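The next block is protein-v4.pdb, given as PDB, C-alpha atoms and all ligand atoms.
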ATOM      1  CA  MET A   2      12.727 -40.012-135.196
ATOM      2  CA  LYS A   3      12.923 -36.252-135.825
ATOM      3  CA  THR A   4       9.648 -34.325-136.099
ATOM      4  CA  LEU A   5      10.033 -33.450-139.782
ATOM      5  CA  ALA A   6      10.738 -37.092-140.680
ATOM      6  CA  LEU A   7       7.613 -38.108-138.765
ATOM      7  CA  LEU A   8       5.578 -35.499-140.622
ATOM      8  CA  ALA A   9       6.964 -36.682-143.964
ATOM      9  CA  GLN A  10       6.065 -40.238-143.022
ATOM     10  CA  SER A  11       2.451 -39.278-142.402
ATOM     11  CA  ILE A  12       1.960 -37.823-145.904
ATOM     12  CA  ARG A  13       0.588 -40.364-148.359
ATOM     13  CA  ASP A  14       1.857 -40.631-151.929
ATOM     14  CA  VAL A  15      -0.931 -41.311-154.413
ATOM     15  CA  PRO A  16       0.452 -42.109-157.883
ATOM     16  CA  ASP A  17      -1.299 -40.910-161.054
ATOM     17  CA  PHE A  18      -3.686 -38.488-159.294
ATOM     18  CA  PRO A  19      -5.365 -36.332-160.574
ATOM     19  CA  LYS A  20      -3.794 -37.545-163.807
ATOM     20  CA  LYS A  21      -1.184 -39.988-165.045
ATOM     21  CA  GLY A  22       2.401 -39.140-164.127
ATOM     22  CA  ILE A  23       1.588 -37.000-161.054
ATOM     23  CA  MET A  24       2.614 -38.222-157.611
ATOM     24  CA  PHE A  25       0.009 -36.551-155.422
ATOM     25  CA  LYS A  26       1.070 -35.621-151.893
ATOM     26  CA  ASP A  27      -2.043 -36.463-149.880
ATOM     27  CA  ILE A  28      -2.004 -34.519-146.607
ATOM     28  CA  THR A  29      -5.352 -35.872-145.345
ATOM     29  CA  THR A  30      -3.394 -38.642-143.597
ATOM     30  CA  LEU A  31      -1.386 -36.000-141.713
ATOM     31  CA  LEU A  32      -4.416 -33.827-140.928
ATOM     32  CA  LYS A  33      -6.406 -36.673-139.370
ATOM     33  CA  ASP A  34      -3.580 -37.471-136.939
ATOM     34  CA  PRO A  35      -3.955 -35.016-134.011
ATOM     35  CA  LYS A  36      -0.288 -35.213-132.998
ATOM     36  CA  ARG A  37       1.084 -34.681-136.505
ATOM     37  CA  PHE A  38      -1.353 -31.895-137.349
ATOM     38  CA  LYS A  39      -0.385 -30.058-134.163
ATOM     39  CA  GLN A  40       3.352 -30.593-134.829
ATOM     40  CA  THR A  41       2.926 -29.227-138.361
ATOM     41  CA  VAL A  42       1.187 -26.061-137.212
ATOM     42  CA  ASP A  43       3.571 -25.561-134.277
ATOM     43  CA  THR A  44       6.629 -25.918-136.533
ATOM     44  CA  MET A  45       5.258 -23.461-139.106
ATOM     45  CA  TYR A  46       4.319 -21.089-136.274
ATOM     46  CA  LYS A  47       7.841 -21.127-134.775
ATOM     47  CA  GLN A  48       9.250 -19.854-138.091
ATOM     48  CA  TYR A  49       7.146 -16.689-137.999
ATOM     49  CA  LYS A  50       6.564 -16.125-134.281
ATOM     50  CA  GLY A  51       7.611 -12.596-133.241
ATOM     51  CA  LYS A  52       7.624 -11.245-136.826
ATOM     52  CA  LYS A  53       5.330  -8.346-137.629
ATOM     53  CA  ILE A  54       2.491  -9.968-139.534
ATOM     54  CA  ASP A  55      -0.818  -8.155-139.939
ATOM     55  CA  ALA A  56      -2.508 -10.826-142.021
ATOM     56  CA  VAL A  57      -2.057 -14.403-143.171
ATOM     57  CA  VAL A  58      -3.045 -14.828-146.813
ATOM     58  CA  CYS A  59      -4.060 -18.269-148.064
ATOM     59  CA  VAL A  60      -5.504 -19.842-151.191
ATOM     60  CA  GLU A  61      -8.446 -22.183-151.390
ATOM     61  CA  ALA A  62      -8.833 -24.904-150.467
ATOM     62  CA  ARG A  63      -5.986 -26.605-148.590
ATOM     63  CA  GLY A  64      -4.221 -23.309-147.898
ATOM     64  CA  PHE A  65      -7.197 -22.297-145.740
ATOM     65  CA  ILE A  66      -6.484 -25.114-143.282
ATOM     66  CA  PHE A  67      -3.009 -23.921-142.329
ATOM     67  CA  GLY A  68      -3.733 -20.244-142.933
ATOM     68  CA  ALA A  69      -6.572 -20.167-140.415
ATOM     69  CA  VAL A  70      -4.701 -21.803-137.546
ATOM     70  CA  LEU A  71      -1.551 -19.770-138.177
ATOM     71  CA  ALA A  72      -3.486 -16.495-138.281
ATOM     72  CA  TYR A  73      -5.061 -17.432-134.960
ATOM     73  CA  LYS A  74      -1.707 -18.265-133.378
ATOM     74  CA  LEU A  75       0.039 -15.173-134.783
ATOM     75  CA  ASN A  76      -2.790 -12.854-133.714
ATOM     76  CA  ALA A  77      -3.070 -11.850-137.356
ATOM     77  CA  GLY A  78      -6.057 -11.388-139.630
ATOM     78  CA  LEU A  79      -7.013 -14.059-142.169
ATOM     79  CA  VAL A  80      -7.302 -13.084-145.843
ATOM     80  CA  LEU A  81      -8.775 -15.463-148.391
ATOM     81  CA  VAL A  82      -7.679 -15.727-152.008
ATOM     82  CA  ARG A  83     -10.332 -17.537-154.012
ATOM     83  CA  LYS A  84     -11.086 -18.636-157.534
ATOM     84  CA  LYS A  85     -12.782 -15.964-159.654
ATOM     85  CA  GLY A  86     -16.472 -15.486-158.932
ATOM     86  CA  LYS A  87     -16.480 -16.708-155.320
ATOM     87  CA  LEU A  88     -15.775 -13.471-153.421
ATOM     88  CA  PRO A  89     -18.844 -11.242-153.082
ATOM     89  CA  TYR A  90     -17.329  -7.734-152.888
ATOM     90  CA  LYS A  91     -15.019  -5.711-155.219
ATOM     91  CA  THR A  92     -11.957  -7.737-156.172
ATOM     92  CA  TYR A  93      -8.542  -7.544-157.770
ATOM     93  CA  GLU A  94      -7.976 -10.438-160.159
ATOM     94  CA  VAL A  95      -4.924 -12.122-161.662
ATOM     95  CA  THR A  96      -5.042 -14.711-164.447
ATOM     96  CA  TYR A  97      -2.176 -17.174-164.703
ATOM     97  CA  ASP A  98      -1.184 -20.116-166.887
ATOM     98  CA  LEU A  99      -1.700 -23.707-165.832
ATOM     99  CA  GLU A 100      -0.188 -26.731-167.551
ATOM    100  CA  TYR A 101      -3.372 -26.816-169.642
ATOM    101  CA  GLY A 102      -5.307 -23.562-169.841
ATOM    102  CA  GLN A 103      -5.564 -20.702-167.373
ATOM    103  CA  ASP A 104      -7.033 -19.879-163.992
ATOM    104  CA  THR A 105      -8.025 -16.636-162.301
ATOM    105  CA  LEU A 106      -7.572 -15.843-158.606
ATOM    106  CA  ALA A 107      -9.215 -12.993-156.729
ATOM    107  CA  ILE A 108      -8.827 -11.033-153.491
ATOM    108  CA  HIS A 109     -11.114  -8.398-151.988
ATOM    109  CA  GLN A 110      -9.781  -4.912-152.768
ATOM    110  CA  ASP A 111     -10.177  -3.877-149.129
ATOM    111  CA  ALA A 112      -8.774  -7.109-147.645
ATOM    112  CA  ILE A 113      -5.400  -5.625-146.737
ATOM    113  CA  LYS A 114      -4.565  -2.126-145.635
ATOM    114  CA  ALA A 115      -1.829  -0.461-147.735
ATOM    115  CA  GLN A 116       1.684  -1.343-146.508
ATOM    116  CA  GLY A 117       0.261  -4.120-144.323
ATOM    117  CA  SER A 118       2.726  -6.913-143.702
ATOM    118  CA  VAL A 119       1.491 -10.339-144.795
ATOM    119  CA  LEU A 120       2.509 -13.983-144.615
ATOM    120  CA  ILE A 121       1.371 -16.256-147.452
ATOM    121  CA  VAL A 122       0.698 -19.872-146.519
ATOM    122  CA  ASP A 123      -0.038 -22.917-148.668
ATOM    123  CA  ASP A 124       0.242 -26.675-148.455
ATOM    124  CA  VAL A 125       2.417 -27.439-151.505
ATOM    125  CA  LEU A 126       4.899 -25.428-153.595
ATOM    126  CA  ALA A 127       4.880 -27.175-156.974
ATOM    127  CA  THR A 128       5.567 -25.003-160.066
ATOM    128  CA  GLY A 129       4.983 -21.794-158.074
ATOM    129  CA  GLY A 130       2.347 -20.510-160.536
ATOM    130  CA  THR A 131      -0.397 -20.213-157.935
ATOM    131  CA  ILE A 132       1.627 -18.367-155.316
ATOM    132  CA  ASN A 133       3.191 -16.132-157.952
ATOM    133  CA  ALA A 134      -0.362 -15.087-158.871
ATOM    134  CA  VAL A 135      -1.072 -14.474-155.162
ATOM    135  CA  CYS A 136       2.040 -12.237-154.992
ATOM    136  CA  GLN A 137       0.701 -10.241-157.946
ATOM    137  CA  LEU A 138      -2.651  -9.825-156.181
ATOM    138  CA  LEU A 139      -0.792  -8.598-153.104
ATOM    139  CA  LYS A 140       1.144  -6.093-155.215
ATOM    140  CA  LYS A 141      -2.182  -4.653-156.391
ATOM    141  CA  SER A 142      -3.214  -4.525-152.719
ATOM    142  CA  LYS A 143       0.050  -2.688-151.878
ATOM    143  CA  ALA A 144       0.860  -5.262-149.208
ATOM    144  CA  LYS A 145       4.365  -6.067-147.993
ATOM    145  CA  ILE A 146       5.141  -9.780-148.273
ATOM    146  CA  ALA A 147       6.965 -10.739-145.066
ATOM    147  CA  GLY A 148       7.309 -14.389-146.061
ATOM    148  CA  ILE A 149       5.840 -17.405-147.822
ATOM    149  CA  GLY A 150       5.462 -20.656-145.902
ATOM    150  CA  PHE A 151       4.723 -24.110-147.317
ATOM    151  CA  LEU A 152       4.341 -27.489-145.695
ATOM    152  CA  ILE A 153       5.742 -29.301-148.754
ATOM    153  CA  GLU A 154       8.108 -28.196-151.528
ATOM    154  CA  LEU A 155       8.510 -30.239-154.710
ATOM    155  CA  GLU A 156      12.037 -28.985-155.399
ATOM    156  CA  PHE A 157      12.338 -30.702-158.769
ATOM    157  CA  LEU A 158       9.607 -28.388-160.148
ATOM    158  CA  LYS A 159      11.757 -25.345-159.278
ATOM    159  CA  GLY A 160       8.864 -23.244-157.957
ATOM    160  CA  ARG A 161      11.287 -20.947-156.100
ATOM    161  CA  LYS A 162      12.507 -19.612-159.455
ATOM    162  CA  LYS A 163       9.079 -18.016-159.970
ATOM    163  CA  LEU A 164       9.173 -16.518-156.476
ATOM    164  CA  LYS A 165      12.593 -14.851-156.556
ATOM    165  CA  GLY A 166      13.221 -12.154-153.972
ATOM    166  CA  TYR A 167      10.804 -13.495-151.374
ATOM    167  CA  SER A 168      11.662 -15.195-148.118
ATOM    168  CA  ILE A 169      10.393 -18.773-148.494
ATOM    169  CA  THR A 170      10.237 -21.633-146.011
ATOM    170  CA  SER A 171       9.086 -25.224-146.479
ATOM    171  CA  LEU A 172       9.110 -28.008-143.908
ATOM    172  CA  ILE A 173       9.369 -31.070-146.139
ATOM    173  CA  LYS A 174      11.251 -31.156-149.423
ATOM    174  CA  TYR A 175      11.059 -33.777-152.179
TER     175      TYR A 175
HETATM  176  P1  LIG B   1       1.692 -24.801-158.278
HETATM  177  O1  LIG B   1       0.912 -23.625-158.727
HETATM  178  O2  LIG B   1       2.173 -25.634-159.418
HETATM  179  O3  LIG B   1       2.818 -24.421-157.333
HETATM  180  O4  LIG B   1       0.709 -25.760-157.463
HETATM  181  C1  LIG B   1      -0.329 -25.206-156.768
HETATM  182  C2  LIG B   1      -1.175 -26.130-155.952
HETATM  183  O5  LIG B   1      -1.424 -27.372-156.591
HETATM  184  C3  LIG B   1      -0.542 -26.481-154.633
HETATM  185  O6  LIG B   1      -0.859 -25.519-153.660
HETATM  186  C4  LIG B   1      -1.154 -27.812-154.298
HETATM  187  O7  LIG B   1      -2.361 -27.616-153.588
HETATM  188  C5  LIG B   1      -1.439 -28.417-155.653
HETATM  189  N1  LIG B   1      -0.443 -29.413-156.043
HETATM  190  C6  LIG B   1       0.410 -29.332-157.089
HETATM  191  N2  LIG B   1       1.137 -30.438-157.223
HETATM  192  C7  LIG B   1       0.766 -31.248-156.199
HETATM  193  C8  LIG B   1       1.160 -32.567-155.771
HETATM  194  N3  LIG B   1       2.097 -33.281-156.420
HETATM  195  N4  LIG B   1       0.564 -33.073-154.673
HETATM  196  C9  LIG B   1      -0.381 -32.375-154.012
HETATM  197  N5  LIG B   1      -0.807 -31.153-154.375
HETATM  198  C10 LIG B   1      -0.242 -30.599-155.455
END
Just give me the structure of the file as structure tokens.
Ligand code: AMP
Amino acid sequence: MKTLALLAQSIRDVPDFPKKGIMFKDITTLLKDPKRFKQTVDTMYKQYKGKKIDAVVCVEARGFIFGAVLAYKLNAGLVLVRKKGKLPYKTYEVTYDLEYGQDTLAIHQDAIKAQGSVLIVDDVLATGGTINAVCQLLKKSKAKIAGIGFLIELEFLKGRKKLKGYSITSLIKY
């Protein structure tokens, strides 16, 4: 079986989590399998190897997992985007709409040097709201977005529409 099919097979579907009607893509089953975890990181790495990337930007919490290993492999810095109130120094903040209510994400103002080239990494592209907010934070930081990489893309939610103009990759599409 092809690598991507094997990766897809190791992701567990959990119906009605965290609420009714949502099919949750549980990647803990992939992460705990040493072979599959390595294949995932290696495949994501191949897509960006050789590109000029100063920093990998990732969002808590699952984004940190892939962001950290990719930053290490790409010899890039690691920049954390966190929920409001978690970062200790001066921050830029962006508030965005969720299905119910709003959320605010933050990045340290000095996290990225102006014109630095960054790769954004996350586990799942769903509606695109979260990563769109990350892109807005990066605009405030004057970063150049070299690409956005996801493990999973839920195509039916049309997240790419919110991220027009960026170079996006995803390994597994549903
Ligand atoms: P969104 O802002 O809608 O693109 O979704 C942002 C985050 O929500 C993703 O990075 C995932 O961590 C999480 N998420 C959304 N939908 C799912 C799902 N069906 N399964 C697993 N995680 C999800």
Give me the chain A side of the contact with ligand LIG 1 (chain B), cut-off 9 Å, one line per residue showing its nearest atom pair and distance in Å at one decimal, counting all atoms listed in the file, sorted by chain and residue number, as a Markdown table.
| residue | atom | partner | partner_atom | distance |
| --- | --- | --- | --- | --- |
| A:Asp14 | CA | B:LIG1 | N4 | 8.1 |
| A:Val15 | CA | B:LIG1 | N4 | 8.4 |
| A:Phe18 | CA | B:LIG1 | N4 | 8.3 |
| A:Pro19 | CA | B:LIG1 | C8 | 8.9 |
| A:Ile23 | CA | B:LIG1 | N3 | 6.0 |
| A:Met24 | CA | B:LIG1 | N3 | 5.1 |
| A:Phe25 | CA | B:LIG1 | N4 | 3.6 |
| A:Lys26 | CA | B:LIG1 | N4 | 3.8 |
| A:Asp27 | CA | B:LIG1 | C9 | 6.0 |
| A:Ile28 | CA | B:LIG1 | C9 | 7.9 |
| A:Val60 | CA | B:LIG1 | O6 | 7.7 |
| A:Glu61 | CA | B:LIG1 | O7 | 8.4 |
| A:Ala62 | CA | B:LIG1 | O7 | 7.7 |
| A:Arg63 | CA | B:LIG1 | O7 | 6.3 |
| A:Gly64 | CA | B:LIG1 | O6 | 7.0 |
| A:Leu99 | CA | B:LIG1 | O1 | 7.6 |
| A:Glu100 | CA | B:LIG1 | O2 | 8.5 |
| A:Asp123 | CA | B:LIG1 | O6 | 5.7 |
| A:Asp124 | CA | B:LIG1 | O6 | 5.4 |
| A:Val125 | CA | B:LIG1 | O6 | 4.4 |
| A:Leu126 | CA | B:LIG1 | O3 | 4.4 |
| A:Ala127 | CA | B:LIG1 | O3 | 3.5 |
| A:Thr128 | CA | B:LIG1 | O2 | 3.5 |
| A:Gly129 | CA | B:LIG1 | O3 | 3.5 |
| A:Gly130 | CA | B:LIG1 | O1 | 3.9 |
| A:Thr131 | CA | B:LIG1 | O1 | 3.7 |
| A:Ile132 | CA | B:LIG1 | O1 | 6.3 |
| A:Asn133 | CA | B:LIG1 | O1 | 7.9 |
| A:Ala134 | CA | B:LIG1 | O1 | 8.6 |
| A:Phe151 | CA | B:LIG1 | O6 | 8.6 |
| A:Ile153 | CA | B:LIG1 | C9 | 8.6 |
| A:Glu154 | CA | B:LIG1 | O3 | 8.7 |
| A:Leu155 | CA | B:LIG1 | N3 | 7.3 |
| A:Leu158 | CA | B:LIG1 | O2 | 8.0 |
| A:Gly160 | CA | B:LIG1 | O3 | 6.2 |
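Considering all atoms listed in the file, the residue among A:Tyr90, A:Leu5, A:Glu156, A:His109 positioned nearest to A:Thr41 is A:Leu5.
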Please enumerate the residues selected by the PyMOL selection byres (((chain A and resi 69) around 9) and not hetatm) when evaluated against the supplied file, formatted as a VMD selection string.
chain A and resid 57 59 64 to 68 70 to 74 78 to 80
By how many Å are atom CA of A:Ala112 and atom CA of A:Ala56 apart?
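Atom-to-atom, atom CA of A:Ala112 and atom CA of A:Ala56 are spaced 9.2 Å apart.
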Students should find that atom CA of A:Pro89 and atom CA of A:Lys163 are spaced 29.5 Å
One number please: atom CA of A:Ser142 to atom CA of A:Leu81, in Å, one decimal.
13.0 Å
